[in-house]
There are 2 protein chains.
Amino acid sequence: MQMIPVAVGAPVDEIDTPALIVDLDAFDYNIAHMAAFTRANGVRLRAHAKTHKSPAVALKQIAAGAVGQCCQKVGEAEALVRGGVRDVLVSNQVVGVHKLQRLAALAIDAKIGLCFDAAEQVEAASRAAVEAGVTLDGMVEIDVGMQRCGVAAGAAAAELARRIGDAPGLVFRGLQAYHGTAQHLVGVDQREAAIRAAADAVRASVDALNGAGLACEIISGAGTGTFMLEGTSGLWNELQAGSYAFMDTEYARIGSRDGPRYTEFRHSLFVLATVMSTATPGRAVVDAGLKSYSGEKGLPWVDGLEDVACTGMSDEHGKLQLGPRAKPLRLGDKVRLIPGHCDPTINLHDWYVAVRGGRVEALWPITARGASN
Amino acid sequence: MQMIPVAVGAPVDEIDTPALIVDLDAFDYNIAHMAAFTRANGVRLRAHAKTHKSPAVALKQIAAGAVGQCCQKVGEAEALVRGGVRDVLVSNQVVGVHKLQRLAALAIDAKIGLCFDAAEQVEAASRAAVEAGVTLDGMVEIDVGMQRCGVAAGAAAAELARRIGDAPGLVFRGLQAYHGTAQHLVGVDQREAAIRAAADAVRASVDALNGAGLACEIISGAGTGTFMLEGTSGLWNELQAGSYAFMDTEYARIGSRDGPRYTEFRHSLFVLATVMSTATPGRAVVDAGLKSYSGEKGLPWVDGLEDVACTGMSDEHGKLQLGPRAKPLRLGDKVRLIPGHCDPTINLHDWYVAVRGGRVEALWPITARGASN
């Protein structure tokens, strides 16, 4: 367990490192910007808790207008319901009797949904719901181009929807139509092409549902990289973005019409690190490595220091190279790193340190950290 | 927090997933194999807790002959001392008054050491030790080729050692001479060349120490990839290997004289996952992704299934491709994945599920999980 890194109210200089920092001005901007978009376009926001793993963040999103949360794991749903969230969709398949029993138990206190891509899953969830005396919302996941989970668009989707509708304890609500890989395609044209193809898959499925006499109330999907496409498509009516609250280098690198950076949202998430070694001129080593930020999307970016770049990461160290224009870094200096990938980075920490105006305004516990089962 | 994934004594079929599995037969082999090596060569083992993060594992290594543990973080040292370990070296620099106070407090109950590569660090640690009324062991870290932390070999090392020896509350014990990048060089010749160069740096430093009239009691370093080189060098007398207890794909890929795989130790560490989607023929999706294994060293390997390979990983999913010789995978089937990098993988979990002969023999809490500050 990570030591509580600072007291609420303390100046930011007192934050022990490594620590996960949320810049509240940027965070509030992001929450408001997405809320304004969904309001203006008449779509619902079901923000993704797989990213933030914290009821504290969820409740802020809901206060700004989100209808609820989605998540990927039963353990995340448990953390959300315990933390006061009353509408949770597991945007994923749930396999295993014990997991389904845990999920059904949550439906006593909250509105709970899950996704299906096999008849066997529908039968198992129906049994768990009936045993618990609850009703679960069922979504059919269709593969809209990600090639991961989901049935084929069209007739197969309608057939599975019919099974959900017929199953005791389940109610068919709509389609889970999320294109994960599209979120990270570099270039606006690539993302638009991917979501156009996804829209064709959605249309074919809605047609098949209607042909079978089934209403499709919800079409849910989209992420931070493509939400403006699904959100203005006239098809999707529920958006599942999560990273928008924080941003990371992977999203920054997907680019926009205006340049090489995607600037729809501001960077609000940082790993705060301390310089712990300056033994070699031109190099500074900080105390945060792969156990404080995830590395599979590349090296973190150094925030706000001219001509300083992270050139190496190991388990507990980040190596910074100082170029000719860099100001010297001294032992004890604090450095803010922007992680490559926000979701698995947040999952390494137990606390968000929420800062504003040079002070620690709040500590938000990351109660679904590690809730992977 | 991760739900406790199973009851002790249960059959392995009942383990909820994702779960971190330790195969005890392989683990015991690894512990015994390293213990036999160190005994035969008259060197000490100070096994690295940065890998396992658990006093349960530490105490098994110590029972097999290890003199104690090393670790990288004060939080890890706290977890070890609380768990009964009485000899801990932080094989790293510790910067910050609060961290040094926490470390010094541990020295009331245990023998505690740390590393230095700057005079300023020596002064700060001395103050913390004096204030707590304790003595801390001091090691000079020299850069033996890793180009991260550490002073230059030779005169600079002797100068820093003198400062440690003169500082109230500190005792100079020896050299921290660890070559991290050498551990993962592919090819035996490359690893040998790196450790030959490291040995030159150690010799130059010992000569400088002796020239200054300073005794160098301990030369500590080495890891799982090169321990047999340092351990038979006649220079190093303390080994800091950690991954040897578990192995991972990165270590397997460094190769040996006999072939493309490094087979000194057995794979004892697995992420157990469940098949949760089989909607597309030839593909199975499992419920473990980047929040259950670290991805920066590439895709995990699938253990024990013919012609099945992991071809994709996302935050909560692993995508398996089934070749023509693969047996079909069904919903609910369990799959064992070998992670790319054991240290950051273990840091994602709260429990080791220790299994033998098809049953769960023990649950070991990973109490230093997330103890990064």
# chains A, B, ... in the order shown; residues from 1 in each chain; ligands from 1
call {"tool": "closest_atom_pairs", "arguments": {"of": "stretch 110-223 of chain A", "to": "stretch 81-104 of chain A", "cutoff": "6 Å", "atoms": "only C-alpha atoms", "output": "tab-separated table"}}
result
residue	atom	partner	partner_atom	distance
A:Ala110	CA	A:Arg86	CA	4.5
A:Lys111	CA	A:Asp87	CA	4.7
A:Ile112	CA	A:Val88	CA	5.1
A:Gly113	CA	A:Leu89	CA	4.4
A:Leu114	CA	A:Val90	CA	4.6
A:Cys115	CA	A:Asn92	CA	5.2
A:Phe116	CA	A:Gln93	CA	5.5
A:Ala128	CA	A:Gln101	CA	5.5
A:Ala129	CA	A:Ala104	CA	5.5
call {"tool": "write_last_selection", "arguments": {"atoms": "N, CA and C atoms", "output": "tab-separated table (two decimals), in the first residue's frame"}}
result
chain	number	residue	atom	x	y	z
A	110	ALA	N	-28.73	-0.89	-6.87
A	110	ALA	CA	-28.40	-0.03	-8.02
A	110	ALA	C	-28.94	-0.64	-9.30
A	111	LYS	N	-29.02	0.20	-10.32
A	111	LYS	CA	-29.37	-0.28	-11.66
A	111	LYS	C	-28.09	-0.82	-12.28
A	112	ILE	N	-28.11	-2.11	-12.65
A	112	ILE	CA	-26.89	-2.78	-13.10
A	112	ILE	C	-27.13	-3.42	-14.46
A	113	GLY	N	-26.17	-3.23	-15.36
A	113	GLY	CA	-26.23	-3.87	-16.66
A	113	GLY	C	-24.94	-4.58	-16.99
A	114	LEU	N	-25.01	-5.43	-18.01
A	114	LEU	CA	-23.79	-6.09	-18.50
A	114	LEU	C	-23.97	-6.42	-19.97
A	115	CYS	N	-22.87	-6.84	-20.60
A	115	CYS	CA	-22.87	-7.10	-22.04
A	115	CYS	C	-22.73	-8.60	-22.31
A	116	PHE	N	-23.22	-9.00	-23.47
A	116	PHE	CA	-23.20	-10.41	-23.86
A	116	PHE	C	-22.70	-10.54	-25.29
A	128	ALA	N	-28.39	-16.20	-12.33
A	128	ALA	CA	-27.90	-15.40	-11.18
A	128	ALA	C	-28.91	-14.32	-10.80
A	129	ALA	N	-29.52	-13.68	-11.79
A	129	ALA	CA	-30.50	-12.62	-11.51
A	129	ALA	C	-31.73	-13.20	-10.83
call {"tool": "closest_atom_pairs", "arguments": {"of": "chain A", "to": "chain B", "cutoff": "7 Å", "atoms": "only C-alpha atoms", "output": "JSON lines"}}
result
{"residue": "A:Met1", "atom": "CA", "partner": "B:Gly370", "partner_atom": "CA", "distance": 4.9}
{"residue": "A:Gln2", "atom": "CA", "partner": "B:Ala371", "partner_atom": "CA", "distance": 4.5}
{"residue": "A:Met3", "atom": "CA", "partner": "B:Asn373", "partner_atom": "CA", "distance": 6.8}
{"residue": "A:Asp16", "atom": "CA", "partner": "B:Asn373", "partner_atom": "CA", "distance": 6.9}
{"residue": "A:Thr17", "atom": "CA", "partner": "B:Asn373", "partner_atom": "CA", "distance": 5.6}
{"residue": "A:Pro18", "atom": "CA", "partner": "B:Asn373", "partner_atom": "CA", "distance": 5.7}
{"residue": "A:Gln93", "atom": "CA", "partner": "B:Met276", "partner_atom": "CA", "distance": 6.3}
{"residue": "A:Val94", "atom": "CA", "partner": "B:Met276", "partner_atom": "CA", "distance": 6.9}
{"residue": "A:Val95", "atom": "CA", "partner": "B:Met276", "partner_atom": "CA", "distance": 5.6}
{"residue": "A:Gly96", "atom": "CA", "partner": "B:Gly332", "partner_atom": "CA", "distance": 6.6}
{"residue": "A:Asp117", "atom": "CA", "partner": "B:Ala279", "partner_atom": "CA", "distance": 6.3}
{"residue": "A:Ala118", "atom": "CA", "partner": "B:Ala279", "partner_atom": "CA", "distance": 6.7}
{"residue": "A:Arg148", "atom": "CA", "partner": "B:Val285", "partner_atom": "CA", "distance": 6.8}
{"residue": "A:Cys149", "atom": "CA", "partner": "B:Ser277", "partner_atom": "CA", "distance": 5.9}
{"residue": "A:Gly150", "atom": "CA", "partner": "B:Ala279", "partner_atom": "CA", "distance": 6.2}
{"residue": "A:Val151", "atom": "CA", "partner": "B:Ala279", "partner_atom": "CA", "distance": 5.6}
{"residue": "A:Met276", "atom": "CA", "partner": "B:Val95", "partner_atom": "CA", "distance": 5.7}
{"residue": "A:Ser277", "atom": "CA", "partner": "B:Cys149", "partner_atom": "CA", "distance": 5.9}
{"residue": "A:Ala279", "atom": "CA", "partner": "B:Val151", "partner_atom": "CA", "distance": 5.6}
{"residue": "A:Val285", "atom": "CA", "partner": "B:Arg148", "partner_atom": "CA", "distance": 6.9}
{"residue": "A:Leu290", "atom": "CA", "partner": "B:Pro344", "partner_atom": "CA", "distance": 6.5}
{"residue": "A:Lys291", "atom": "CA", "partner": "B:Pro344", "partner_atom": "CA", "distance": 5.8}
{"residue": "A:Gly295", "atom": "CA", "partner": "B:Glu296", "partner_atom": "CA", "distance": 5.2}
{"residue": "A:Glu296", "atom": "CA", "partner": "B:Glu296", "partner_atom": "CA", "distance": 3.9}
{"residue": "A:Asp315", "atom": "CA", "partner": "B:Pro344", "partner_atom": "CA", "distance": 6.8}
{"residue": "A:Lys319", "atom": "CA", "partner": "B:Arg148", "partner_atom": "CA", "distance": 6.9}
{"residue": "A:Gly332", "atom": "CA", "partner": "B:Val95", "partner_atom": "CA", "distance": 6.3}
{"residue": "A:Pro344", "atom": "CA", "partner": "B:Lys291", "partner_atom": "CA", "distance": 5.8}
{"residue": "A:Asn347", "atom": "CA", "partner": "B:Lys291", "partner_atom": "CA", "distance": 6.8}
{"residue": "A:Leu348", "atom": "CA", "partner": "B:Gly370", "partner_atom": "CA", "distance": 6.4}
{"residue": "A:His349", "atom": "CA", "partner": "B:Gly370", "partner_atom": "CA", "distance": 6.5}
{"residue": "A:Thr367", "atom": "CA", "partner": "B:Met1", "partner_atom": "CA", "distance": 6.6}
{"residue": "A:Ala368", "atom": "CA", "partner": "B:Met1", "partner_atom": "CA", "distance": 6.0}
{"residue": "A:Arg369", "atom": "CA", "partner": "B:Met1", "partner_atom": "CA", "distance": 5.6}
{"residue": "A:Gly370", "atom": "CA", "partner": "B:Met1", "partner_atom": "CA", "distance": 4.9}
{"residue": "A:Ala371", "atom": "CA", "partner": "B:Gln2", "partner_atom": "CA", "distance": 4.5}
{"residue": "A:Ser372", "atom": "CA", "partner": "B:Gln2", "partner_atom": "CA", "distance": 6.3}
{"residue": "A:Asn373", "atom": "CA", "partner": "B:Thr17", "partner_atom": "CA", "distance": 5.6}
call {"tool": "residues_around", "arguments": {"residues": "B:Arg163", "least_positions_apart": "4", "cutoff": "9 Å", "atoms": "only C-alpha atoms", "output": "list in words"}}
result
Ala119, Val122, Glu123, Ala158, Glu159, Ala167 and Phe172 of chain B
call {"tool": "select_by_dssp", "arguments": {"residues": "stretch 191-231 of chain A", "states": "strand (DSSP E)", "output": "list in words"}}
result
Ile218, Ile219, Ser220 and Gly221 of chain A
call {"tool": "write_last_selection", "arguments": {"atoms": "C-alpha atoms", "output": "mmCIF file, in the first residue's frame"}}
result
data_model
loop_
_atom_site.group_PDB
_atom_site.id
_atom_site.type_symbol
_atom_site.label_atom_id
_atom_site.label_comp_id
_atom_site.auth_asym_id
_atom_site.auth_seq_id
_atom_site.Cartn_x
_atom_site.Cartn_y
_atom_site.Cartn_z
ATOM 1 C CA ILE A 218 -29.601 2.454 -26.170
ATOM 2 C CA ILE A 219 -26.609 2.456 -28.483
ATOM 3 C CA SER A 220 -23.572 2.878 -26.276
ATOM 4 C CA GLY A 221 -19.907 3.277 -27.142
#
call {"tool": "select_by_dssp", "arguments": {"residues": "stretch 33-269 of chain B", "states": "alpha helix (DSSP H)", "output": "JSON, numbers by chain"}}
result
{"B": [33, 34, 35, 36, 37, 38, 39, 40, 41, 49, 50, 51, 52, 55, 56, 57, 58, 59, 60, 61, 62, 63, 74, 75, 76, 77, 78, 79, 80, 81, 82, 97, 98, 99, 100, 101, 102, 103, 104, 105, 106, 119, 120, 121, 122, 123, 124, 125, 126, 127, 128, 129, 130, 131, 132, 155, 156, 157, 158, 159, 160, 161, 162, 163, 164, 165, 166, 188, 189, 190, 191, 192, 193, 194, 195, 196, 197, 198, 199, 200, 201, 202, 203, 204, 205, 206, 207, 208, 209, 210, 211, 227, 228, 229, 230, 249, 250, 251, 252]}
call {"tool": "atom_distance", "arguments": {"atom1": "atom CA of A:Ala40", "atom2": "atom CA of A:Gly68"}}
result
18.2 Å
call {"tool": "residues_around", "arguments": {"residues": "A:Val67", "least_positions_apart": "3", "cutoff": "8 Å", "atoms": "only C-alpha atoms", "output": "number ranges by chain"}}
result
A: 44-46, 62, 87
call {"tool": "atom_distance", "arguments": {"atom1": "atom CA of A:Ala309", "atom2": "atom CA of A:Pro260"}}
result
18.4 Å
call {"tool": "atom_distance", "arguments": {"atom1": "atom CA of B:Ala193", "atom2": "atom CA of B:Ala177"}}
result
15.5 Å
call {"tool": "residues_around", "arguments": {"residues": "stretch 239-243 of chain A", "least_positions_apart": "2", "cutoff": "8 Å", "atoms": "only C-alpha atoms", "output": "short mmCIF file (atom, residue, chain, number, x, y, z; two decimals) with C-alpha atoms, in the first residue's frame"}}
result
data_model
loop_
_atom_site.label_atom_id
_atom_site.label_comp_id
_atom_site.auth_asym_id
_atom_site.auth_seq_id
_atom_site.Cartn_x
_atom_site.Cartn_y
_atom_site.Cartn_z
CA VAL A 43 -26.62 12.31 -25.98
CA ARG A 44 -26.03 10.68 -22.63
CA LEU A 45 -22.63 10.39 -20.98
CA ARG A 46 -21.91 7.12 -19.21
CA ALA A 47 -18.33 7.91 -18.21
CA HIS A 48 -15.90 5.01 -18.01
CA ALA A 49 -14.70 4.11 -14.53
CA LYS A 50 -12.07 1.70 -15.92
CA THR A 51 -9.98 4.83 -16.29
CA HIS A 52 -10.42 6.58 -12.95
CA CYS A 70 -19.59 2.04 -17.06
CA SER A 220 -23.57 2.88 -26.28
CA GLY A 221 -19.91 3.28 -27.14
CA ALA A 222 -17.25 5.84 -28.10
CA GLY A 223 -14.15 6.99 -26.28
CA THR A 224 -12.02 10.06 -25.84
CA PHE A 227 -16.64 10.79 -29.10
CA GLU A 230 -20.35 8.93 -32.45
CA GLY A 231 -21.91 11.81 -30.53
CA TRP A 236 -25.13 6.40 -30.78
CA ASN A 237 -27.04 8.00 -27.91
CA ALA A 245 -10.91 13.62 -17.63
CA PHE A 246 -7.12 13.19 -17.55
CA MET A 247 -5.44 12.76 -20.97
CA ASP A 248 -2.08 11.06 -21.55
CA CYS A 342 -3.59 6.95 -18.05
CA ASP A 343 -5.71 3.87 -17.25
#
call {"tool": "residues_around", "arguments": {"residues": "stretch 27-29 of chain B", "least_positions_apart": "5", "cutoff": "10 Å", "atoms": "only C-alpha atoms", "output": "NGL selection string"}}
result
:B and (22 or 34-35 or 57 or 60-61 or 64 or 244-247 or 265-269 or 354)
call {"tool": "write_last_selection", "arguments": {"atoms": "C-alpha atoms", "output": "PDB file, in the first residue's frame"}}
result
ATOM      1  CA  VAL B  22       2.974 -19.240  -7.937  1.00  0.00           C
ATOM      2  CA  MET B  34      20.164 -20.051  -5.927  1.00  0.00           C
ATOM      3  CA  ALA B  35      20.840 -21.020  -2.303  1.00  0.00           C
ATOM      4  CA  VAL B  57       8.609 -14.674   0.093  1.00  0.00           C
ATOM      5  CA  LYS B  60      11.419 -18.247   2.646  1.00  0.00           C
ATOM      6  CA  GLN B  61      14.567 -16.860   1.007  1.00  0.00           C
ATOM      7  CA  ALA B  64      17.084 -21.004   2.719  1.00  0.00           C
ATOM      8  CA  TYR B 244      15.207 -15.796 -10.044  1.00  0.00           C
ATOM      9  CA  ALA B 245      12.337 -16.863  -7.784  1.00  0.00           C
ATOM     10  CA  PHE B 246       9.779 -16.368 -10.569  1.00  0.00           C
ATOM     11  CA  MET B 247      11.265 -15.761 -14.045  1.00  0.00           C
ATOM     12  CA  PHE B 265      15.490 -21.080 -13.326  1.00  0.00           C
ATOM     13  CA  ARG B 266      11.972 -22.356 -13.887  1.00  0.00           C
ATOM     14  CA  HIS B 267       8.882 -20.316 -14.623  1.00  0.00           C
ATOM     15  CA  SER B 268       6.971 -20.284 -11.338  1.00  0.00           C
ATOM     16  CA  LEU B 269       4.886 -17.120 -11.896  1.00  0.00           C
ATOM     17  CA  ALA B 354       0.537 -20.492  -4.159  1.00  0.00           C
TER      18      ALA B 354
END
call {"tool": "residues_around", "arguments": {"residues": "A:Asn210", "least_positions_apart": "2", "cutoff": "12 Å", "atoms": "only C-alpha atoms", "output": "PyMOL selection string"}}
result
chain A and resi 154-155+157-159+161-162+174+203-208+212-217
call {"tool": "decode", "arguments": {"residues": "stretch 132-144 of chain B", "atoms": "all heavy atoms", "output": "PDB file, in the first residue's frame"}}
result
ATOM      1  N   ALA B 132      17.213  10.042  15.373  1.00  0.00           N
ATOM      2  CA  ALA B 132      16.487   8.838  15.807  1.00  0.00           C
ATOM      3  C   ALA B 132      17.296   8.014  16.800  1.00  0.00           C
ATOM      4  O   ALA B 132      16.783   7.039  17.354  1.00  0.00           O
ATOM      5  CB  ALA B 132      16.120   7.990  14.589  1.00  0.00           C
ATOM      6  N   GLY B 133      18.569   8.371  16.994  1.00  0.00           N
ATOM      7  CA  GLY B 133      19.417   7.604  17.900  1.00  0.00           C
ATOM      8  C   GLY B 133      19.774   6.230  17.369  1.00  0.00           C
ATOM      9  O   GLY B 133      19.909   5.270  18.130  1.00  0.00           O
ATOM     10  N   VAL B 134      19.945   6.116  16.060  1.00  0.00           N
ATOM     11  CA  VAL B 134      20.252   4.819  15.441  1.00  0.00           C
ATOM     12  C   VAL B 134      21.504   4.935  14.573  1.00  0.00           C
ATOM     13  O   VAL B 134      22.021   6.034  14.342  1.00  0.00           O
ATOM     14  CB  VAL B 134      19.085   4.321  14.556  1.00  0.00           C
ATOM     15  CG1 VAL B 134      17.811   4.149  15.386  1.00  0.00           C
ATOM     16  CG2 VAL B 134      18.852   5.269  13.382  1.00  0.00           C
ATOM     17  N   THR B 135      21.967   3.795  14.105  1.00  0.00           N
ATOM     18  CA  THR B 135      23.071   3.740  13.159  1.00  0.00           C
ATOM     19  C   THR B 135      22.573   3.110  11.865  1.00  0.00           C
ATOM     20  O   THR B 135      21.868   2.103  11.891  1.00  0.00           O
ATOM     21  CB  THR B 135      24.225   2.892  13.723  1.00  0.00           C
ATOM     22  OG1 THR B 135      24.648   3.474  14.962  1.00  0.00           O
ATOM     23  CG2 THR B 135      25.402   2.855  12.764  1.00  0.00           C
ATOM     24  N   LEU B 136      22.919   3.740  10.749  1.00  0.00           N
ATOM     25  CA  LEU B 136      22.555   3.211   9.427  1.00  0.00           C
ATOM     26  C   LEU B 136      23.813   2.783   8.694  1.00  0.00           C
ATOM     27  O   LEU B 136      24.843   3.461   8.767  1.00  0.00           O
ATOM     28  CB  LEU B 136      21.836   4.290   8.601  1.00  0.00           C
ATOM     29  CG  LEU B 136      20.502   4.804   9.139  1.00  0.00           C
ATOM     30  CD1 LEU B 136      20.041   6.029   8.341  1.00  0.00           C
ATOM     31  CD2 LEU B 136      19.447   3.696   9.086  1.00  0.00           C
ATOM     32  N   ASP B 137      23.729   1.646   7.996  1.00  0.00           N
ATOM     33  CA  ASP B 137      24.831   1.218   7.139  1.00  0.00           C
ATOM     34  C   ASP B 137      24.824   2.027   5.851  1.00  0.00           C
ATOM     35  O   ASP B 137      23.761   2.221   5.249  1.00  0.00           O
ATOM     36  CB  ASP B 137      24.691  -0.263   6.782  1.00  0.00           C
ATOM     37  CG  ASP B 137      25.000  -1.174   7.955  1.00  0.00           C
ATOM     38  OD1 ASP B 137      25.539  -0.677   8.971  1.00  0.00           O
ATOM     39  OD2 ASP B 137      24.707  -2.376   7.854  1.00  0.00           O
ATOM     40  N   GLY B 138      25.994   2.463   5.430  1.00  0.00           N
ATOM     41  CA  GLY B 138      26.093   3.247   4.204  1.00  0.00           C
ATOM     42  C   GLY B 138      26.899   2.537   3.139  1.00  0.00           C
ATOM     43  O   GLY B 138      27.979   2.009   3.410  1.00  0.00           O
ATOM     44  N   MET B 139      26.359   2.501   1.941  1.00  0.00           N
ATOM     45  CA  MET B 139      27.052   1.926   0.788  1.00  0.00           C
ATOM     46  C   MET B 139      27.269   3.042  -0.235  1.00  0.00           C
ATOM     47  O   MET B 139      26.389   3.883  -0.440  1.00  0.00           O
ATOM     48  CB  MET B 139      26.201   0.832   0.135  1.00  0.00           C
ATOM     49  CG  MET B 139      25.715  -0.263   1.068  1.00  0.00           C
ATOM     50  SD  MET B 139      26.964  -1.520   1.391  1.00  0.00           S
ATOM     51  CE  MET B 139      26.921  -2.452  -0.149  1.00  0.00           C
ATOM     52  N   VAL B 140      28.394   3.019  -0.898  1.00  0.00           N
ATOM     53  CA  VAL B 140      28.620   3.942  -2.009  1.00  0.00           C
ATOM     54  C   VAL B 140      28.181   3.258  -3.291  1.00  0.00           C
ATOM     55  O   VAL B 140      28.698   2.183  -3.628  1.00  0.00           O
ATOM     56  CB  VAL B 140      30.104   4.339  -2.098  1.00  0.00           C
ATOM     57  CG1 VAL B 140      30.365   5.110  -3.396  1.00  0.00           C
ATOM     58  CG2 VAL B 140      30.498   5.186  -0.900  1.00  0.00           C
ATOM     59  N   GLU B 141      27.233   3.858  -3.987  1.00  0.00           N
ATOM     60  CA  GLU B 141      26.866   3.288  -5.285  1.00  0.00           C
ATOM     61  C   GLU B 141      27.813   3.818  -6.342  1.00  0.00           C
ATOM     62  O   GLU B 141      28.024   5.031  -6.471  1.00  0.00           O
ATOM     63  CB  GLU B 141      25.417   3.624  -5.665  1.00  0.00           C
ATOM     64  CG  GLU B 141      25.069   3.045  -7.041  1.00  0.00           C
ATOM     65  CD  GLU B 141      23.595   2.989  -7.374  1.00  0.00           C
ATOM     66  OE1 GLU B 141      22.782   3.482  -6.585  1.00  0.00           O
ATOM     67  OE2 GLU B 141      23.272   2.435  -8.449  1.00  0.00           O
ATOM     68  N   ILE B 142      28.406   2.883  -7.087  1.00  0.00           N
ATOM     69  CA  ILE B 142      29.239   3.287  -8.221  1.00  0.00           C
ATOM     70  C   ILE B 142      28.532   2.883  -9.511  1.00  0.00           C
ATOM     71  O   ILE B 142      27.800   1.894  -9.560  1.00  0.00           O
ATOM     72  CB  ILE B 142      30.659   2.663  -8.160  1.00  0.00           C
ATOM     73  CG1 ILE B 142      30.600   1.133  -8.103  1.00  0.00           C
ATOM     74  CG2 ILE B 142      31.450   3.213  -6.971  1.00  0.00           C
ATOM     75  CD1 ILE B 142      31.978   0.467  -8.227  1.00  0.00           C
ATOM     76  N   ASP B 143      28.749   3.696 -10.546  1.00  0.00           N
ATOM     77  CA  ASP B 143      28.188   3.377 -11.862  1.00  0.00           C
ATOM     78  C   ASP B 143      29.116   2.362 -12.516  1.00  0.00           C
ATOM     79  O   ASP B 143      30.239   2.686 -12.886  1.00  0.00           O
ATOM     80  CB  ASP B 143      28.082   4.649 -12.707  1.00  0.00           C
ATOM     81  CG  ASP B 143      27.398   4.382 -14.052  1.00  0.00           C
ATOM     82  OD1 ASP B 143      27.148   3.203 -14.381  1.00  0.00           O
ATOM     83  OD2 ASP B 143      27.121   5.364 -14.772  1.00  0.00           O
ATOM     84  N   VAL B 144      28.635   1.124 -12.639  1.00  0.00           N
ATOM     85  CA  VAL B 144      29.469   0.071 -13.238  1.00  0.00           C
ATOM     86  C   VAL B 144      29.085  -0.175 -14.700  1.00  0.00           C
ATOM     87  O   VAL B 144      29.432  -1.217 -15.261  1.00  0.00           O
ATOM     88  CB  VAL B 144      29.383  -1.248 -12.428  1.00  0.00           C
ATOM     89  CG1 VAL B 144      29.988  -1.054 -11.051  1.00  0.00           C
ATOM     90  CG2 VAL B 144      27.944  -1.755 -12.332  1.00  0.00           C
TER      91      VAL B 144
END
